[in-house]
file final-v7.txt (compact mmCIF, N, CA and C atoms and all ligand atoms)
# COMPACT_ATOMS: atom_id res chain seq x y z
N MET A 1 33.15 -16.79 1.91
CA MET A 1 32.80 -15.51 1.31
C MET A 1 34.02 -14.58 1.27
N VAL A 2 34.12 -13.84 0.18
CA VAL A 2 35.24 -12.92 0.04
C VAL A 2 34.78 -11.52 0.44
N ARG A 3 35.47 -10.93 1.40
CA ARG A 3 35.13 -9.57 1.81
C ARG A 3 35.55 -8.58 0.75
N GLU A 4 34.87 -7.43 0.71
CA GLU A 4 35.21 -6.40 -0.28
C GLU A 4 36.69 -6.01 -0.14
N GLY A 5 37.40 -6.01 -1.28
CA GLY A 5 38.81 -5.63 -1.24
C GLY A 5 39.74 -6.81 -1.08
N GLU A 6 39.21 -7.93 -0.54
CA GLU A 6 40.07 -9.09 -0.28
C GLU A 6 40.53 -9.75 -1.57
N GLU A 7 39.58 -9.84 -2.54
CA GLU A 7 39.90 -10.46 -3.81
C GLU A 7 41.05 -9.71 -4.51
N GLU A 8 41.04 -8.36 -4.41
CA GLU A 8 42.07 -7.57 -5.03
C GLU A 8 43.44 -7.90 -4.44
N ARG A 9 43.48 -8.14 -3.13
CA ARG A 9 44.75 -8.40 -2.47
C ARG A 9 45.30 -9.79 -2.80
N ARG A 10 44.39 -10.73 -3.18
CA ARG A 10 44.83 -12.09 -3.43
C ARG A 10 45.11 -12.38 -4.90
N GLY A 11 45.12 -11.36 -5.74
CA GLY A 11 45.25 -11.56 -7.18
C GLY A 11 46.62 -12.03 -7.60
N THR A 12 46.78 -12.32 -8.90
CA THR A 12 48.07 -12.72 -9.43
C THR A 12 48.93 -11.49 -9.71
N ARG A 13 50.22 -11.71 -9.87
CA ARG A 13 51.17 -10.63 -10.03
C ARG A 13 51.49 -10.41 -11.51
N LEU A 14 51.53 -9.15 -11.95
CA LEU A 14 51.92 -8.81 -13.31
C LEU A 14 52.84 -7.60 -13.19
N GLY A 15 54.16 -7.85 -13.33
CA GLY A 15 55.12 -6.77 -13.11
C GLY A 15 54.99 -6.27 -11.68
N LYS A 16 54.81 -4.96 -11.54
CA LYS A 16 54.69 -4.38 -10.20
C LYS A 16 53.25 -4.27 -9.73
N TYR A 17 52.35 -4.99 -10.42
CA TYR A 17 50.93 -4.90 -10.07
C TYR A 17 50.38 -6.24 -9.62
N GLU A 18 49.56 -6.18 -8.60
CA GLU A 18 48.82 -7.34 -8.12
C GLU A 18 47.46 -7.26 -8.80
N ILE A 19 47.14 -8.27 -9.60
CA ILE A 19 45.91 -8.22 -10.40
C ILE A 19 44.75 -8.87 -9.65
N GLY A 20 43.62 -8.18 -9.66
CA GLY A 20 42.45 -8.68 -8.95
C GLY A 20 41.29 -8.98 -9.86
N ARG A 21 40.10 -8.60 -9.43
CA ARG A 21 38.88 -8.98 -10.14
C ARG A 21 38.73 -8.25 -11.49
N THR A 22 37.91 -8.83 -12.36
CA THR A 22 37.61 -8.22 -13.65
C THR A 22 36.60 -7.09 -13.46
N LEU A 23 36.94 -5.92 -14.00
CA LEU A 23 36.04 -4.76 -13.90
C LEU A 23 35.09 -4.70 -15.09
N GLY A 24 35.55 -5.19 -16.24
CA GLY A 24 34.70 -5.16 -17.43
C GLY A 24 35.41 -5.80 -18.60
N GLU A 25 34.64 -6.06 -19.66
CA GLU A 25 35.22 -6.67 -20.86
C GLU A 25 34.75 -5.94 -22.09
N GLY A 26 35.69 -5.72 -23.02
CA GLY A 26 35.35 -5.10 -24.30
C GLY A 26 35.48 -6.14 -25.40
N ASN A 27 35.56 -5.69 -26.63
CA ASN A 27 35.68 -6.62 -27.77
C ASN A 27 37.06 -7.28 -27.85
N PHE A 28 38.09 -6.56 -27.43
CA PHE A 28 39.46 -7.08 -27.59
C PHE A 28 40.24 -7.09 -26.30
N ALA A 29 39.58 -6.80 -25.19
CA ALA A 29 40.33 -6.67 -23.94
C ALA A 29 39.48 -6.95 -22.71
N LYS A 30 40.20 -7.27 -21.63
CA LYS A 30 39.59 -7.44 -20.32
C LYS A 30 40.20 -6.36 -19.45
N VAL A 31 39.41 -5.71 -18.63
CA VAL A 31 39.95 -4.68 -17.74
C VAL A 31 39.84 -5.19 -16.31
N LYS A 32 40.99 -5.18 -15.62
CA LYS A 32 41.02 -5.74 -14.28
C LYS A 32 41.48 -4.72 -13.25
N TYR A 33 41.00 -4.89 -12.02
CA TYR A 33 41.47 -4.09 -10.90
C TYR A 33 42.91 -4.51 -10.61
N ALA A 34 43.77 -3.53 -10.33
CA ALA A 34 45.15 -3.85 -9.97
C ALA A 34 45.63 -2.90 -8.89
N GLN A 35 46.58 -3.39 -8.10
CA GLN A 35 47.16 -2.55 -7.05
C GLN A 35 48.67 -2.55 -7.20
N HIS A 36 49.28 -1.36 -7.22
CA HIS A 36 50.73 -1.26 -7.31
C HIS A 36 51.32 -1.81 -6.02
N THR A 37 52.25 -2.77 -6.16
CA THR A 37 52.74 -3.46 -4.96
C THR A 37 53.57 -2.56 -4.04
N GLU A 38 54.17 -1.50 -4.58
CA GLU A 38 55.00 -0.63 -3.73
C GLU A 38 54.21 0.54 -3.14
N THR A 39 53.36 1.15 -3.96
CA THR A 39 52.64 2.34 -3.49
C THR A 39 51.25 2.03 -2.94
N GLY A 40 50.70 0.85 -3.31
CA GLY A 40 49.35 0.50 -2.88
C GLY A 40 48.27 1.22 -3.68
N GLN A 41 48.68 2.04 -4.65
CA GLN A 41 47.73 2.78 -5.49
C GLN A 41 46.88 1.83 -6.33
N PRO A 42 45.58 2.08 -6.41
CA PRO A 42 44.74 1.23 -7.29
C PRO A 42 44.79 1.70 -8.74
N TYR A 43 44.76 0.76 -9.67
CA TYR A 43 44.76 1.07 -11.10
C TYR A 43 43.78 0.13 -11.81
N ALA A 44 43.41 0.51 -13.03
CA ALA A 44 42.69 -0.40 -13.92
C ALA A 44 43.71 -0.86 -14.95
N VAL A 45 43.85 -2.18 -15.12
CA VAL A 45 44.79 -2.72 -16.10
C VAL A 45 43.99 -3.33 -17.25
N LYS A 46 44.29 -2.88 -18.45
CA LYS A 46 43.59 -3.40 -19.63
C LYS A 46 44.47 -4.44 -20.29
N ILE A 47 43.99 -5.67 -20.36
CA ILE A 47 44.77 -6.78 -20.93
C ILE A 47 44.20 -7.08 -22.32
N LEU A 48 45.03 -6.78 -23.33
CA LEU A 48 44.57 -6.92 -24.72
C LEU A 48 44.73 -8.36 -25.22
N ASP A 49 43.80 -8.79 -26.05
CA ASP A 49 43.84 -10.12 -26.65
C ASP A 49 44.65 -10.03 -27.95
N ARG A 50 45.97 -10.29 -27.83
CA ARG A 50 46.89 -10.11 -28.96
C ARG A 50 46.47 -10.91 -30.20
N LYS A 51 46.11 -12.21 -29.99
CA LYS A 51 45.74 -13.07 -31.13
C LYS A 51 44.54 -12.52 -31.87
N ARG A 52 43.54 -12.07 -31.11
CA ARG A 52 42.31 -11.54 -31.72
C ARG A 52 42.61 -10.25 -32.50
N ILE A 53 43.45 -9.40 -31.91
CA ILE A 53 43.82 -8.13 -32.54
C ILE A 53 44.56 -8.38 -33.86
N LEU A 54 45.50 -9.34 -33.84
CA LEU A 54 46.27 -9.65 -35.05
C LEU A 54 45.40 -10.32 -36.10
N SER A 55 44.49 -11.21 -35.67
CA SER A 55 43.65 -11.91 -36.65
C SER A 55 42.67 -10.94 -37.31
N LEU A 56 42.26 -9.91 -36.61
CA LEU A 56 41.35 -8.92 -37.19
C LEU A 56 42.10 -7.79 -37.91
N LYS A 57 43.45 -7.88 -37.87
CA LYS A 57 44.32 -6.87 -38.51
C LYS A 57 44.00 -5.45 -38.03
N ILE A 58 43.81 -5.31 -36.73
CA ILE A 58 43.51 -3.98 -36.18
C ILE A 58 44.65 -3.50 -35.27
N ASP A 59 45.84 -4.14 -35.43
CA ASP A 59 46.97 -3.75 -34.56
C ASP A 59 47.38 -2.29 -34.76
N ASP A 60 47.30 -1.79 -36.02
CA ASP A 60 47.65 -0.38 -36.25
C ASP A 60 46.66 0.55 -35.55
N GLN A 61 45.38 0.16 -35.58
CA GLN A 61 44.33 0.95 -34.92
C GLN A 61 44.56 0.99 -33.40
N ILE A 62 44.94 -0.17 -32.84
CA ILE A 62 45.19 -0.25 -31.39
C ILE A 62 46.41 0.60 -31.03
N LYS A 63 47.46 0.53 -31.87
CA LYS A 63 48.67 1.34 -31.62
C LYS A 63 48.34 2.82 -31.65
N ARG A 64 47.48 3.23 -32.59
CA ARG A 64 47.07 4.65 -32.67
C ARG A 64 46.31 5.05 -31.41
N GLU A 65 45.42 4.16 -30.95
CA GLU A 65 44.63 4.44 -29.74
C GLU A 65 45.56 4.62 -28.54
N ILE A 66 46.58 3.76 -28.45
CA ILE A 66 47.55 3.86 -27.34
C ILE A 66 48.32 5.19 -27.45
N GLY A 67 48.75 5.52 -28.69
CA GLY A 67 49.49 6.76 -28.92
C GLY A 67 48.66 7.99 -28.53
N THR A 68 47.39 7.98 -28.86
CA THR A 68 46.52 9.11 -28.54
C THR A 68 46.31 9.21 -27.03
N LEU A 69 46.05 8.05 -26.40
CA LEU A 69 45.83 8.06 -24.95
C LEU A 69 47.04 8.55 -24.17
N LYS A 70 48.25 8.24 -24.71
CA LYS A 70 49.49 8.68 -24.04
C LYS A 70 49.57 10.20 -24.01
N LEU A 71 49.00 10.85 -25.06
CA LEU A 71 49.07 12.31 -25.16
C LEU A 71 48.02 13.01 -24.32
N LEU A 72 46.91 12.31 -24.06
CA LEU A 72 45.78 12.94 -23.38
C LEU A 72 45.98 13.09 -21.87
N LYS A 73 45.83 14.32 -21.41
CA LYS A 73 45.86 14.56 -19.97
C LYS A 73 44.73 15.50 -19.64
N HIS A 74 43.61 14.94 -19.22
CA HIS A 74 42.42 15.74 -18.93
C HIS A 74 41.72 15.11 -17.73
N PRO A 75 41.16 15.94 -16.82
CA PRO A 75 40.52 15.38 -15.63
C PRO A 75 39.34 14.45 -15.94
N ASN A 76 38.72 14.59 -17.12
CA ASN A 76 37.57 13.73 -17.45
C ASN A 76 37.94 12.56 -18.36
N VAL A 77 39.24 12.38 -18.62
CA VAL A 77 39.67 11.28 -19.48
C VAL A 77 40.63 10.40 -18.68
N VAL A 78 40.38 9.08 -18.75
CA VAL A 78 41.23 8.15 -18.00
C VAL A 78 42.69 8.31 -18.47
N ARG A 79 43.62 8.28 -17.53
CA ARG A 79 45.04 8.52 -17.81
C ARG A 79 45.76 7.20 -18.08
N LEU A 80 46.52 7.15 -19.19
CA LEU A 80 47.31 5.96 -19.48
C LEU A 80 48.67 6.10 -18.82
N HIS A 81 49.00 5.23 -17.89
CA HIS A 81 50.25 5.35 -17.14
C HIS A 81 51.41 4.60 -17.78
N GLU A 82 51.17 3.37 -18.22
CA GLU A 82 52.24 2.62 -18.89
C GLU A 82 51.68 1.50 -19.75
N VAL A 83 52.50 1.10 -20.72
CA VAL A 83 52.12 0.00 -21.61
C VAL A 83 53.22 -1.05 -21.53
N ARG A 84 52.83 -2.28 -21.31
CA ARG A 84 53.80 -3.39 -21.23
C ARG A 84 53.38 -4.51 -22.15
N SER A 85 54.36 -5.24 -22.65
CA SER A 85 54.08 -6.38 -23.50
C SER A 85 54.59 -7.64 -22.82
N TYR A 86 53.70 -8.61 -22.63
CA TYR A 86 54.08 -9.89 -22.04
C TYR A 86 53.72 -10.98 -23.02
N LEU A 87 54.72 -11.78 -23.43
CA LEU A 87 54.43 -12.88 -24.35
C LEU A 87 54.31 -14.17 -23.56
N ARG A 88 53.23 -14.94 -23.86
CA ARG A 88 53.06 -16.22 -23.19
C ARG A 88 53.52 -17.35 -24.07
N1 LIG B 101 39.64 2.73 -16.23
C1 LIG B 101 38.63 1.88 -16.01
N2 LIG B 101 38.14 1.72 -14.76
C2 LIG B 101 37.15 0.84 -14.52
N3 LIG B 101 36.56 0.07 -15.46
C3 LIG B 101 36.99 0.20 -16.72
C4 LIG B 101 38.05 1.09 -17.06
N4 LIG B 101 38.26 1.00 -18.40
C5 LIG B 101 37.38 0.10 -18.85
N5 LIG B 101 36.61 -0.39 -17.86
C6 LIG B 101 35.56 -1.41 -17.97
O1 LIG B 101 35.98 -2.42 -18.87
C7 LIG B 101 35.10 -2.50 -20.00
C8 LIG B 101 35.90 -2.83 -21.24
O2 LIG B 101 36.69 -1.71 -21.57
P1 LIG B 101 37.35 -1.62 -23.00
O3 LIG B 101 38.08 -0.33 -23.07
O4 LIG B 101 38.11 -2.88 -23.30
O5 LIG B 101 36.15 -1.69 -24.02
P2 LIG B 101 35.05 -0.65 -24.45
O6 LIG B 101 35.67 0.70 -24.64
O7 LIG B 101 33.89 -0.77 -23.49
O8 LIG B 101 34.61 -1.25 -25.84
P3 LIG B 101 35.48 -1.57 -27.14
O9 LIG B 101 35.78 -3.03 -27.09
O10 LIG B 101 34.57 -1.22 -28.26
O11 LIG B 101 36.73 -0.72 -27.10
C9 LIG B 101 34.37 -1.17 -20.03
O12 LIG B 101 33.13 -1.27 -20.66
C10 LIG B 101 34.27 -0.85 -18.54
O13 LIG B 101 33.18 -1.57 -17.97

call {"tool": "encode", "arguments": {"input": "final-v7.txt", "output": "structure tokens", "more": "lines below"}}
Ligand SMILES: Nc1ncnc2c1ncn2[C@@H]1O[C@H](COP(=O)(O)OP(=O)(O)OP(=O)(O)O)[C@@H](O)[C@H]1O
result
Amino acid sequence: MVREGEEERRGTRLGKYEIGRTLGEGNFAKVKYAQHTETGQPYAVKILDRKRILSLKIDDQIKREIGTLKLLKHPNVVRLHEVRSYLR
């Protein structure tokens, strides 16, 4: 049995984040729990499905969404901290 919090600590590494369990899934992305390896701060990491986004030709829409989120700073709106691109 995995104790609460244990799964997050055993996740895979993505940049400076240790990736843990899946928090939810949308149409084009998976959102996962992540912990910053230096500060220990918890974050939600949204992993976009690049192939699906390109095949649906919605990359411009996604870029606009990212651009808007970067500008938004409100206590009731989730804060976008950084955007990274990893090619497999
Ligand atoms: N910051 C967050 N913290 C915790 N869970 C989150 C966070 N952001 C998203 N989620 C979870 O991940 C799911 C998928 O999020 P995502 O933004 O990909 O899609 P959506 O907004 O629900 O739908 P759509 O695919 O139409 O954009 C959400 O429904 C939610 O359950």

call {"tool": "select_by_dssp", "arguments": {"input": "final-v7.txt", "residues": "chain A", "states": "alpha helix (DSSP H)", "output": "ChimeraX atom specification"}}
result
/A:6-9,50-55,59-71

call {"tool": "residues_near_ligand", "arguments": {"input": "final-v7.txt", "ligand": "ligand LIG 101 (chain B)", "cutoff": "5 Å", "atoms": "all atoms listed in the file", "output": "list in words"}}
result
Leu23, Gly24, Glu25, Gly26, Asn27, Phe28, Ala29, Val31 and Ala44 of chain A

call {"tool": "atom_distance", "arguments": {"input": "final-v7.txt", "atom1": "CA of Gln35 in chain A", "atom2": "CA of Leu80 in chain A"}}
result
15.1 Å

call {"tool": "closest_residue", "arguments": {"input": "final-v7.txt", "among": "A:Leu72, A:Ile58, A:Thr22, A:Arg13", "to": "Thr37 in chain A", "atoms": "only C-alpha atoms"}}
result
A:Arg13

call {"tool": "select_by_dssp", "arguments": {"input": "final-v7.txt", "residues": "chain A", "states": "strand (DSSP E or B)", "output": "list of chain:residue names"}}
result
A:Thr12, A:Arg13, A:Leu14, A:Tyr17, A:Glu18, A:Ile19, A:Gly20, A:Arg21, A:Thr22, A:Leu23, A:Gly24, A:Glu25, A:Ala29, A:Lys30, A:Val31, A:Lys32, A:Tyr33, A:Ala34, A:Gln35, A:His36, A:Pro42, A:Tyr43, A:Ala44, A:Val45, A:Lys46, A:Ile47, A:Leu48

call {"tool": "closest_residue", "arguments": {"input": "final-v7.txt", "among": "A:Arg84, A:Lys16, A:Arg64, A:Arg79", "to": "Gly40 in chain A", "atoms": "only C-alpha atoms"}}
result
A:Lys16

call {"tool": "atom_distance", "arguments": {"input": "final-v7.txt", "atom1": "CA of Lys51 in chain A", "atom2": "CA of Lys32 in chain A"}}
result
19.0 Å

call {"tool": "atom_distance", "arguments": {"input": "final-v7.txt", "atom1": "CA of Leu48 in chain A", "atom2": "atom C of Glu82 in chain A"}}
result
12.1 Å

call {"tool": "residues_around", "arguments": {"input": "final-v7.txt", "residues": "Ala34 in chain A", "least_positions_apart": "3", "cutoff": "7 Å", "atoms": "all atoms listed in the file", "output": "list in words"}}
result
Glu8, Tyr17, Glu18, Ile19, Gly20, Arg21, Gln41, Pro42, Tyr43, Ala44 and Val45 of chain A

call {"tool": "decode", "arguments": {"input": "final-v7.txt", "residues": "chain A", "atoms": "C-alpha atoms", "output": "CSV table (one decimal), in the first residue's frame"}}
result
chain,number,residue,atom,x,y,z
A,1,MET,CA,0.0,0.0,0.0
A,2,VAL,CA,1.2,3.5,-0.8
A,3,ARG,CA,0.8,6.0,2.0
A,4,GLU,CA,-0.5,9.5,1.2
A,5,GLY,CA,2.2,11.6,-0.2
A,6,GLU,CA,4.5,8.7,-0.9
A,7,GLU,CA,3.6,8.3,-4.5
A,8,GLU,CA,4.4,12.0,-5.1
A,9,ARG,CA,7.9,11.5,-3.7
A,10,ARG,CA,8.6,8.4,-5.9
A,11,GLY,CA,7.6,10.0,-9.2
A,12,THR,CA,9.7,10.5,-12.3
A,13,ARG,CA,11.9,13.6,-12.8
A,14,LEU,CA,11.0,16.4,-15.3
A,15,GLY,CA,13.5,19.3,-15.1
A,16,LYS,CA,13.5,20.5,-11.6
A,17,TYR,CA,10.2,18.7,-10.8
A,18,GLU,CA,9.5,15.3,-9.4
A,19,ILE,CA,6.3,14.1,-11.1
A,20,GLY,CA,3.8,12.2,-9.1
A,21,ARG,CA,0.2,11.0,-9.5
A,22,THR,CA,-2.3,12.2,-12.1
A,23,LEU,CA,-4.7,14.9,-10.7
A,24,GLY,CA,-6.9,15.0,-13.8
A,25,GLU,CA,-7.2,14.7,-17.5
A,26,GLY,CA,-8.6,17.1,-20.1
A,27,ASN,CA,-9.1,16.8,-23.9
A,28,PHE,CA,-5.5,17.6,-24.8
A,29,ALA,CA,-3.6,17.2,-21.5
A,30,LYS,CA,-2.9,15.3,-18.3
A,31,VAL,CA,-2.4,17.3,-15.1
A,32,LYS,CA,0.0,15.7,-12.6
A,33,TYR,CA,1.1,16.5,-9.0
A,34,ALA,CA,4.7,17.7,-9.0
A,35,GLN,CA,7.2,18.8,-6.3
A,36,HIS,CA,10.1,21.2,-6.9
A,37,THR,CA,13.2,19.3,-6.0
A,38,GLU,CA,15.0,22.3,-4.4
A,39,THR,CA,12.2,24.1,-2.6
A,40,GLY,CA,9.8,21.2,-2.0
A,41,GLN,CA,6.9,23.4,-3.1
A,42,PRO,CA,4.0,21.4,-4.6
A,43,TYR,CA,2.8,22.3,-8.2
A,44,ALA,CA,0.3,21.0,-10.8
A,45,VAL,CA,2.1,20.2,-14.0
A,46,LYS,CA,0.0,20.2,-17.2
A,47,ILE,CA,1.5,17.8,-19.8
A,48,LEU,CA,0.1,18.7,-23.3
A,49,ASP,CA,-0.4,16.0,-26.0
A,50,ARG,CA,1.6,17.7,-28.8
A,51,LYS,CA,0.6,15.2,-31.5
A,52,ARG,CA,-3.1,15.6,-30.7
A,53,ILE,CA,-2.9,19.4,-30.6
A,54,LEU,CA,-1.1,19.5,-34.0
A,55,SER,CA,-3.4,17.0,-35.6
A,56,LEU,CA,-6.5,19.1,-34.5
A,57,LYS,CA,-4.7,22.3,-35.7
A,58,ILE,CA,-5.3,24.0,-32.4
A,59,ASP,CA,-1.7,24.9,-31.6
A,60,ASP,CA,-2.5,28.7,-32.1
A,61,GLN,CA,-5.4,28.4,-29.7
A,62,ILE,CA,-3.2,26.7,-27.1
A,63,LYS,CA,-0.4,29.3,-27.6
A,64,ARG,CA,-3.0,32.1,-27.0
A,65,GLU,CA,-4.3,30.3,-23.8
A,66,ILE,CA,-0.7,30.1,-22.5
A,67,GLY,CA,-0.1,33.8,-23.4
A,68,THR,CA,-3.3,34.8,-21.5
A,69,LEU,CA,-2.5,32.7,-18.5
A,70,LYS,CA,1.0,34.2,-18.3
A,71,LEU,CA,-0.6,37.7,-17.9
A,72,LEU,CA,-3.2,36.6,-15.3
A,73,LYS,CA,-2.4,37.2,-11.7
A,74,HIS,CA,-5.5,36.9,-9.5
A,75,PRO,CA,-6.0,35.0,-6.2
A,76,ASN,CA,-8.9,33.0,-7.8
A,77,VAL,CA,-7.1,32.0,-11.0
A,78,VAL,CA,-4.4,29.3,-11.1
A,79,ARG,CA,-1.0,30.9,-11.7
A,80,LEU,CA,1.2,29.8,-14.6
A,81,HIS,CA,4.8,29.6,-13.4
A,82,GLU,CA,6.7,28.3,-16.4
A,83,VAL,CA,6.3,26.6,-19.8
A,84,ARG,CA,8.8,24.0,-21.0
A,85,SER,CA,9.0,22.0,-24.2
A,86,TYR,CA,10.4,18.5,-24.1
A,87,LEU,CA,10.7,16.5,-27.3
A,88,ARG,CA,10.6,12.7,-27.2
